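*Asks:* Okay, so here is start_9.txt, and as you'll see once you scroll down, it has compact mmCIF, C-alpha atoms.
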```txt
# COMPACT_ATOMS: atom_id res chain seq x y z
CA MET T 1 15.04 -45.23 6.92
CA ASP T 2 11.43 -46.40 6.70
CA THR T 3 9.43 -45.51 3.61
CA PRO T 4 6.24 -43.67 4.58
CA ARG T 5 3.07 -45.59 3.84
CA VAL T 6 0.38 -44.01 1.73
CA ASP T 7 -3.30 -44.51 2.44
CA PRO T 8 -4.62 -46.64 -0.48
CA LYS T 9 -7.74 -44.47 -0.77
CA ASP T 10 -5.64 -41.34 -1.17
CA ALA T 11 -3.32 -43.04 -3.65
CA TYR T 12 -6.18 -44.22 -5.87
CA ASN T 13 -7.93 -40.87 -5.73
CA THR T 14 -4.73 -39.07 -6.70
CA ALA T 15 -4.00 -41.52 -9.52
CA VAL T 16 -7.54 -41.32 -10.94
CA ALA T 17 -7.41 -37.53 -10.76
CA ALA T 18 -4.10 -37.53 -12.64
CA VAL T 19 -5.45 -39.79 -15.40
CA LEU T 20 -8.54 -37.61 -15.83
CA SER T 21 -6.46 -34.43 -15.81
CA ASP T 22 -4.09 -35.87 -18.41
CA ARG T 23 -7.06 -36.83 -20.60
CA ARG T 24 -8.42 -33.27 -20.39
CA LYS T 25 -5.06 -31.93 -21.49
CA GLU T 26 -4.83 -34.52 -24.27
CA LEU T 27 -8.18 -33.28 -25.60
CA ARG T 28 -7.07 -29.66 -25.16
CA MET T 29 -10.27 -29.07 -23.24
CA THR T 30 -10.40 -26.04 -20.97
CA ILE T 31 -11.62 -26.25 -17.41
CA ASP T 32 -14.60 -24.11 -18.42
CA GLU T 33 -15.48 -26.53 -21.22
CA LEU T 34 -15.22 -29.47 -18.84
CA THR T 35 -17.33 -27.62 -16.28
CA GLU T 36 -20.01 -27.02 -18.88
CA LYS T 37 -20.01 -30.65 -20.05
CA THR T 38 -20.13 -32.11 -16.54
CA GLU T 39 -22.51 -29.52 -15.09
CA LEU T 40 -20.27 -29.41 -12.02
CA SER T 41 -19.01 -26.18 -10.51
CA ARG T 42 -15.64 -24.90 -11.67
CA ALA T 43 -14.27 -25.15 -8.13
CA THR T 44 -15.39 -28.78 -7.85
CA VAL T 45 -13.82 -29.72 -11.18
CA LEU T 46 -10.55 -28.04 -10.20
CA ARG T 47 -10.45 -29.83 -6.82
CA LEU T 48 -11.33 -33.19 -8.38
CA LEU T 49 -8.65 -32.96 -11.06
CA ALA T 50 -6.07 -31.83 -8.51
CA GLY T 51 -6.84 -34.83 -6.30
CA GLN T 52 -7.94 -32.50 -3.50
CA ARG T 53 -11.43 -33.97 -3.28
CA ASP T 54 -12.58 -37.57 -3.30
CA ILE T 55 -14.00 -38.54 -6.68
CA ARG T 56 -17.40 -39.98 -5.84
CA MET T 57 -19.04 -42.23 -8.41
CA GLY T 58 -21.40 -39.54 -9.73
CA TYR T 59 -18.49 -37.18 -10.31
CA PHE T 60 -16.44 -39.95 -11.88
CA ILE T 61 -19.21 -40.84 -14.36
CA ALA T 62 -19.75 -37.17 -15.27
CA LEU T 63 -16.03 -36.71 -15.88
CA VAL T 64 -15.45 -39.85 -17.96
CA ARG T 65 -18.48 -39.06 -20.12
CA ALA T 66 -17.35 -35.48 -20.67
CA LEU T 67 -13.82 -36.66 -21.44
CA ASP T 68 -15.04 -39.46 -23.72
CA VAL T 69 -13.02 -42.16 -22.00
CA GLU T 70 -14.04 -45.59 -20.76
CA PRO T 71 -14.21 -45.89 -16.96
CA SER T 72 -12.26 -49.15 -17.11
CA GLN T 73 -9.45 -47.42 -18.99
CA VAL T 74 -9.19 -44.76 -16.30
CA ILE T 75 -9.10 -47.40 -13.55
CA THR T 76 -6.48 -49.47 -15.39
CA GLU T 77 -4.24 -46.45 -15.99
CA ALA T 78 -4.69 -45.19 -12.44
CA SER T 79 -3.83 -48.62 -11.00
CA ALA T 80 -0.59 -48.60 -12.97
CA ARG T 81 0.33 -45.27 -11.36
CA ILE T 82 -0.17 -46.36 -7.77
CA PRO T 83 3.13 -46.17 -5.91
CA ALA T 84 4.59 -49.26 -4.33
CA VAL T 85 4.48 -47.51 -0.95
CA VAL T 86 0.74 -47.99 -0.53
CA GLY T 87 0.16 -49.51 2.89
CA ASP T 88 -1.72 -52.74 3.57
```
Just dump the structure as structure tokens.
*Replies:*
Amino acid sequence: MDTPRVDPKDAYNTAVAAVLSDRRKELRMTIDELTEKTELSRATVLRLLAGQRDIRMGYFIALVRALDVEPSQVITEASARIPAVVGD
């Protein structure tokens, strides 16, 4: 049985979203607090953290600043979460 391939863009977006979501939970920050700090809409923050929307650079910077985490740390952690089934 062939293993389904995952689009690398989707895999990275999902992994980055998971790292950011985990950081929010680690800080015990509510979605409303994160929304206030990022100045993004609640719906946008929810979609970004769920991996349902691509995390554009502006959103990424707003989130890492609000979550007080280094962008490089998020990328490193997300890269470690990427499944081996990512296609070429």
*Asks:* One decimal, Å: what's the distance from atom CA of T:Leu67 over to atom CA of T:Leu40, could you say?
*Replies:*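 Computed distance, atom CA of T:Leu67 to atom CA of T:Leu40, equals 13.5 Å.
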*Asks:* Could you check which of T:Ser79, T:Ala17, T:Asp7, T:Glu70 is closest to T:Asp54, using all atoms listed in the file?
*Replies:*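 Going through T:Ser79, T:Ala17, T:Asp7, T:Glu70 one by one, the smallest distance to T:Asp54 is for T:Ala17.
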*Asks:* Looking at T:Glu39, T:Asp10, T:Asp32, T:Glu26, which one is nearest to T:Asp68, with distances taken over only C-alpha atoms?
*Replies:* T:Glu26
*Asks:* Rounded to one decimal in Å, what is the spacing between atom CA of T:Leu49 and atom CA of T:Ala62?
*Replies:*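 Distance between the two atoms: 12.6 Å.
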*Asks:* So, counting all atoms listed in the file, which residue among T:Thr35, T:Ala80, T:Gln73, T:Lys25 is closest to T:Leu48?
*Replies:* T:Thr35
*Asks:* Atom CA of T:Ala11 and atom CA of T:Ile82, how far apart in Å?
*Replies:* 6.2 Å
*Asks:* With distances taken over all atoms listed in the file, which residue among T:Ala18, T:Ala43, T:Val69, T:Lys9 lies nearest T:Arg81?
*Replies:*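 The answer is T:Ala18, which sits nearest to T:Arg81.
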*Asks:* Quick one: everything within 12 Å of T:Val64, counting only C-alpha atoms, minus sequence neighbours fewer than 4 positions away in the same chain. Send it as a ChimeraX atom specification.
*Replies:* /T:16-17,19-21,23-24,34,37-38,49,55,57-60,68-75
*Asks:* Taking 5 positions as the minimum chain separation for residues in the same chain, which residues sit within 12 Å of T:Glu36 when counting all atoms listed in the file? Answer as a list of chain:residue names.
*Replies:*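 Here the answer would be T:Met29, T:Thr30, T:Ile31, T:Ser41, T:Arg42, T:Val45, T:Ala62, T:Leu63, T:Ala66, T:Leu67.
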*Asks:* With distances taken over all atoms listed in the file, which residue among T:Arg65, T:Arg56, T:Tyr12, T:Asp22 lies nearest T:Thr44?
*Replies:*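 Nearest to T:Thr44: T:Arg56.
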